[in-house]
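Everything below belongs to run.csv, which stores CSV, C-alpha atoms.
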chain,number,residue,atom,x,y,z
A,1,MET,CA,30.7,-7.0,6.8
A,2,ASP,CA,31.0,-9.4,4.0
A,3,THR,CA,29.7,-8.9,0.5
A,4,TYR,CA,26.6,-11.0,0.9
A,5,GLU,CA,25.6,-9.2,4.2
A,6,LYS,CA,26.1,-5.9,2.5
A,7,PHE,CA,23.9,-7.0,-0.4
A,8,LEU,CA,21.1,-8.0,2.0
A,9,GLU,CA,21.4,-4.7,3.9
A,10,GLU,CA,21.1,-2.7,0.6
A,11,MET,CA,18.2,-4.9,-0.6
A,12,GLU,CA,16.5,-4.3,2.8
A,13,ASP,CA,16.9,-0.5,2.5
A,14,PHE,CA,15.4,-0.7,-1.0
A,15,ILE,CA,12.4,-2.9,-0.2
A,16,PHE,CA,11.4,-1.3,3.1
A,17,PRO,CA,11.2,2.5,2.5
A,18,GLU,CA,9.7,4.4,5.4
A,19,ASP,CA,9.2,8.1,6.1
A,20,GLU,CA,8.1,10.2,9.1
A,21,PRO,CA,4.5,11.3,8.8
A,22,GLY,CA,3.9,14.8,7.6
A,23,LYS,CA,1.2,17.1,6.1
A,24,ALA,CA,-0.1,16.0,2.7
A,25,ASP,CA,-2.9,16.5,0.2
A,26,ILE,CA,-4.2,12.9,0.3
A,27,ILE,CA,-3.6,9.5,1.9
A,28,PHE,CA,-3.6,6.6,-0.5
A,29,ILE,CA,-4.4,3.0,0.7
A,30,PRO,CA,-3.7,0.4,-2.0
A,31,GLY,CA,-6.1,-2.6,-1.9
A,32,ASN,CA,-5.7,-5.5,0.4
A,33,GLY,CA,-7.6,-7.5,3.0
A,34,TYR,CA,-5.7,-6.3,6.0
A,35,PRO,CA,-7.1,-3.5,8.2
A,36,GLN,CA,-3.9,-2.2,9.6
A,37,MET,CA,-3.0,0.2,6.7
A,38,ALA,CA,-6.5,1.8,6.8
A,39,GLU,CA,-6.3,2.0,10.6
A,40,ARG,CA,-3.0,3.8,10.4
A,41,ALA,CA,-4.4,6.1,7.7
A,42,ALA,CA,-7.3,6.9,10.0
A,43,GLU,CA,-4.9,7.9,12.8
A,44,LEU,CA,-3.0,10.1,10.4
A,45,TYR,CA,-6.2,11.7,9.2
A,46,LYS,CA,-7.4,12.4,12.7
A,47,ALA,CA,-4.0,14.0,13.5
A,48,GLY,CA,-4.5,16.4,10.6
A,49,ALA,CA,-2.1,14.8,8.1
A,50,ALA,CA,-4.4,15.1,5.1
A,51,PRO,CA,-8.0,16.2,4.4
A,52,VAL,CA,-9.0,13.3,2.1
A,53,LEU,CA,-8.3,9.5,1.9
A,54,LEU,CA,-8.4,7.2,-1.2
A,55,PRO,CA,-8.7,3.5,-0.6
A,56,SER,CA,-8.3,1.5,-3.8
A,57,GLY,CA,-9.1,-2.0,-5.0
A,58,LYS,CA,-11.7,-4.4,-6.4
A,59,TYR,CA,-10.0,-7.7,-5.6
A,60,SER,CA,-7.0,-9.7,-6.5
A,61,ILE,CA,-6.8,-10.6,-10.2
A,62,THR,CA,-5.6,-14.1,-9.3
A,63,ALA,CA,-8.6,-14.8,-7.0
A,64,GLY,CA,-11.3,-13.1,-9.1
A,65,HIS,CA,-13.3,-12.1,-6.0
A,66,PHE,CA,-12.6,-10.4,-2.6
A,67,THR,CA,-11.2,-13.2,-0.5
A,68,GLY,CA,-12.2,-11.6,2.8
A,69,VAL,CA,-10.8,-9.9,5.8
A,70,LEU,CA,-7.3,-11.3,6.7
A,71,GLU,CA,-6.9,-10.1,10.3
A,72,LYS,CA,-9.3,-8.7,13.0
A,73,ARG,CA,-12.3,-10.4,11.5
A,74,GLU,CA,-14.1,-10.1,14.8
A,75,ARG,CA,-14.2,-6.3,14.4
A,76,TYR,CA,-14.7,-6.0,10.6
A,77,ARG,CA,-17.6,-8.3,9.8
A,78,GLY,CA,-19.2,-6.6,6.8
A,79,ALA,CA,-20.2,-8.5,3.6
A,80,TYR,CA,-17.6,-6.7,1.6
A,81,LYS,CA,-17.6,-7.1,-2.2
A,82,THR,CA,-14.4,-5.2,-2.8
A,83,GLU,CA,-11.1,-4.3,-1.0
A,84,CYS,CA,-12.1,-0.7,-1.3
A,85,ALA,CA,-15.5,-1.2,0.5
A,86,PHE,CA,-13.6,-3.1,3.3
A,87,LEU,CA,-11.0,-0.4,3.6
A,88,LYS,CA,-13.6,2.4,3.6
A,89,ASP,CA,-15.4,0.6,6.5
A,90,VAL,CA,-12.2,0.3,8.4
A,91,LEU,CA,-11.7,4.1,8.0
A,92,ILE,CA,-15.2,4.9,9.1
A,93,GLN,CA,-15.1,2.6,12.1
A,94,ASN,CA,-11.9,4.4,13.1
A,95,GLY,CA,-13.4,7.8,13.1
A,96,VAL,CA,-13.0,9.1,9.5
A,97,PRO,CA,-16.1,10.9,8.2
A,98,GLN,CA,-17.6,9.4,5.1
A,99,GLU,CA,-17.3,12.7,3.2
A,100,ALA,CA,-13.5,12.5,3.6
A,101,VAL,CA,-13.2,9.2,1.8
A,102,LEU,CA,-13.0,8.9,-2.0
A,103,MET,CA,-13.3,5.4,-3.5
A,104,GLU,CA,-11.6,3.4,-6.3
A,105,GLU,CA,-13.2,0.0,-6.9
A,106,GLN,CA,-11.8,-1.3,-10.2
A,107,ALA,CA,-8.1,-2.1,-9.5
A,108,THR,CA,-7.1,-5.8,-9.4
A,109,TYR,CA,-3.3,-5.4,-8.9
A,110,THR,CA,-0.9,-2.7,-7.6
A,111,TYR,CA,-0.3,-0.8,-10.8
A,112,GLU,CA,-4.1,-0.5,-11.3
A,113,ASN,CA,-4.3,0.8,-7.7
A,114,ALA,CA,-2.1,3.7,-8.7
A,115,LYS,CA,-3.5,4.2,-12.3
A,116,PHE,CA,-7.2,4.2,-11.3
A,117,SER,CA,-6.5,6.3,-8.2
A,118,ARG,CA,-5.1,8.9,-10.6
A,119,GLN,CA,-8.3,8.8,-12.6
A,120,VAL,CA,-10.3,9.4,-9.4
A,121,THR,CA,-8.2,12.4,-8.2
A,122,ASP,CA,-8.2,13.9,-11.7
A,123,GLN,CA,-12.0,13.6,-11.9
A,124,ALA,CA,-12.3,15.2,-8.5
A,125,GLY,CA,-10.0,18.1,-9.7
A,126,LEU,CA,-7.4,17.4,-7.0
A,127,LEU,CA,-3.9,18.6,-7.4
A,128,ILE,CA,-1.7,16.2,-5.4
A,129,LYS,CA,1.6,17.9,-4.6
A,130,LYS,CA,2.3,15.7,-1.6
A,131,ALA,CA,0.8,12.3,-0.7
A,132,ILE,CA,1.0,9.7,2.0
A,133,LEU,CA,1.1,6.1,1.0
A,134,CYS,CA,-0.2,3.6,3.6
A,135,CYS,CA,0.8,0.1,2.5
A,136,LYS,CA,2.2,-3.2,3.7
A,137,SER,CA,5.8,-3.0,4.9
A,138,TYR,CA,7.5,-5.3,2.4
A,139,HIS,CA,5.2,-4.1,-0.4
A,140,ALA,CA,6.2,-0.5,0.1
A,141,ARG,CA,8.8,-0.1,-2.6
A,142,ARG,CA,6.7,-1.6,-5.4
A,143,CYS,CA,3.7,0.5,-4.3
A,144,LEU,CA,5.9,3.6,-4.2
A,145,MET,CA,7.4,3.0,-7.6
A,146,TYR,CA,3.9,2.5,-9.2
A,147,TYR,CA,2.4,5.6,-7.5
A,148,GLN,CA,5.5,7.7,-8.4
A,149,HIS,CA,5.1,6.5,-12.0
A,150,VAL,CA,1.5,7.6,-12.2
A,151,TYR,CA,2.0,10.8,-10.1
A,152,PRO,CA,5.4,11.9,-11.3
A,153,GLU,CA,4.9,15.5,-10.0
A,154,THR,CA,4.0,14.3,-6.4
A,155,GLU,CA,6.2,13.9,-3.4
A,156,PHE,CA,5.4,10.7,-1.4
A,157,LEU,CA,5.7,9.9,2.2
A,158,VAL,CA,5.6,6.1,2.8
A,159,ILE,CA,4.0,5.0,6.1
A,160,PRO,CA,4.1,1.2,6.0
A,161,SER,CA,2.4,-1.3,8.4
A,162,VAL,CA,3.6,-4.7,9.4
A,163,VAL,CA,0.7,-7.1,8.9
A,164,ASP,CA,1.6,-10.7,8.5
A,165,GLY,CA,4.5,-10.8,10.8
A,166,ILE,CA,7.1,-9.9,8.2
A,167,SER,CA,9.0,-6.7,9.0
A,168,ARG,CA,12.3,-5.0,8.1
A,169,GLU,CA,13.7,-6.3,11.4
A,170,ASN,CA,12.7,-10.0,11.1
A,171,TRP,CA,12.2,-10.9,7.4
A,172,LYS,CA,15.5,-12.9,7.3
A,173,GLU,CA,14.5,-15.1,10.2
A,174,THR,CA,11.8,-17.2,8.5
A,175,GLN,CA,11.4,-18.9,5.1
A,176,ALA,CA,8.1,-17.0,4.7
A,177,GLY,CA,9.8,-13.7,5.3
A,178,THR,CA,12.7,-14.5,2.9
A,179,ASP,CA,10.3,-15.7,0.2
A,180,ALA,CA,8.1,-12.6,0.6
A,181,VAL,CA,11.0,-10.1,0.3
A,182,LEU,CA,12.8,-11.9,-2.5
A,183,GLY,CA,9.4,-12.3,-4.3
A,184,GLU,CA,9.1,-8.5,-4.2
A,185,VAL,CA,12.5,-8.1,-5.7
A,186,THR,CA,11.6,-10.4,-8.5
A,187,ARG,CA,8.2,-8.7,-9.1
A,188,ILE,CA,9.9,-5.3,-9.3
A,189,ILE,CA,12.3,-6.6,-11.9
A,190,ARG,CA,9.6,-8.3,-14.0
A,191,GLN,CA,6.8,-5.7,-13.7
A,192,PHE,CA,8.8,-2.5,-14.2
A,193,THR,CA,10.3,-3.7,-17.5
A,194,PHE,CA,7.1,-2.6,-19.3
A,195,MET,CA,7.5,1.0,-18.1
A,196,MET,CA,11.0,1.4,-19.5
Structure rendered as structure tokens:
Amino acid sequence: MDTYEKFLEEMEDFIFPEDEPGKADIIFIPGNGYPQMAERAAELYKAGAAPVLLPSGKYSITAGHFTGVLEKRERYRGAYKTECAFLKDVLIQNGVPQEAVLMEEQATYTYENAKFSRQVTDQAGLLIKKAILCCKSYHARRCLMYYQHVYPETEFLVIPSVVDGISRENWKETQAGTDAVLGEVTRIIRQFTFMM
């Protein structure tokens, strides 16, 4: 293996963390317009992985409004005003009882997803020793780093979903995949400087 291939492999390991599901105190779902992460969270909830779920998100700060459901629009047709409202509906349609879902509807970017989720769990008096993070596959490292920063005492299990066709296995095969993954590397470098 040459140096460049080794670099790509190490970058891939970094950007795409993934764990086996296990028991936790909560399942976090950072805001987005894809249903797959909330569908996976609902499966984990029904399997007994955690007693409560916390979808998070108002809308993207760059758009200034919820831009809508990005996949499976035929199933999820609500007039959603926030990412959180959309994700909650996905959870409920997939068998999660309403009382098991907390909500965070202020976040407009990933760090706020983590920060405002912490406010919700603190206000609810929840001690989060172990958490599941259901997020997009190539967004997993950045999500994990933010949630670890805000919940430094918590152990996280990352359970990612492939949503827009970009996965650990195929990201190098398309320009869109390469741009997405390299974009994550750049965002991690830029965004985490303020935390140091």
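Distance check against Gly48 (chain A) using all atoms listed in the file: of A:Arg141, A:Asp25, A:Gln191, A:Phe66, the minimum falls on A:Asp25.
Those residues that approach Glu155 (chain A) to within 7 Å, counting only C-alpha atoms, are Lys129, Lys130 and Ala131 of chain A; same-chain residues fewer than 5 positions away are not listed.
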Could the residues in this selection be saved with C-alpha atoms as a CSV table (one decimal), in the coordinates of the input?
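The resulting file, out04.csv, is shown below:
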chain,number,residue,atom,x,y,z
A,129,LYS,CA,1.6,17.9,-4.6
A,130,LYS,CA,2.3,15.7,-1.6
A,131,ALA,CA,0.8,12.3,-0.7
Quick one, how far is CA of Lys115 (chain A) from CA of Ser60 (chain A)? 15.5 Å
Write out as JSON, numbers by chain which residues come within 10 Å of Phe116 (chain A) when counting only C-alpha atoms, dropping same-chain ones fewer than 2 positions away. {"A": [56, 57, 103, 104, 105, 106, 107, 111, 112, 113, 114, 118, 119, 120, 121, 122, 150]}
So, counting only C-alpha atoms, which residue among A:Arg40, A:Arg73, A:Lys23, A:Lys6 is closest to Ser161 (chain A)?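 Distance minimum relative to Ser161 (chain A) lands on A:Arg40.
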What's the 12 Å shell around region 8-10 of chain A, counting all atoms listed in the file, without same-chain residues fewer than 5 positions away, as an MDAnalysis selection string? chainID A and resid 1:3 15:17 168:169 171:172 178 181:182 185
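In terms of minimum interatomic distance to Val96 (chain A), A:Pro51 ranks closest within A:Gly165, A:Gly125, A:Pro51, A:Gly68, counting all atoms listed in the file.
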Using all atoms listed in the file for the distances, tell me which of A:Ile132, A:Cys84, A:Leu102, A:Ile92 is nearest to Gln148 (chain A). A:Ile132
Pairwise distance, CA of Tyr34 (chain A) with CA of Val163 (chain A), equals 7.1 Å
Which residue gives the smallest distance to Ala38 (chain A) among A:Asn94, A:Thr108, A:Thr82, A:Thr62, with all atoms listed in the file counted?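 Selected residue with least distance to Ala38 (chain A): A:Asn94.
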Which of these, A:Arg75, A:Lys81, A:Lys88, A:His149, has the shortest distance to Ala100 (chain A) once you count all atoms listed in the file?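 With all atoms listed in the file as the atom set, the closest residue is A:Lys88.
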Work out how far CA of Tyr80 (chain A) is from CA of His65 (chain A), in Å to one decimal.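 CA of His65 (chain A) sits 10.3 Å away from CA of Tyr80 (chain A).
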Show which residues sit within 8 Å of Thr67 (chain A), as a compact mmCIF listing (two decimals) with C-alpha atoms, keeping the file's coordinate frame. Count all atoms listed in the file, and ignore same-chain residues fewer than 4 positions away.
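Resulting contents of selection23.txt:
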# COMPACT_ATOMS: atom_id res chain seq x y z
CA GLY A 33 -7.60 -7.50 3.00
CA TYR A 59 -10.00 -7.70 -5.60
CA ALA A 63 -8.60 -14.80 -7.00
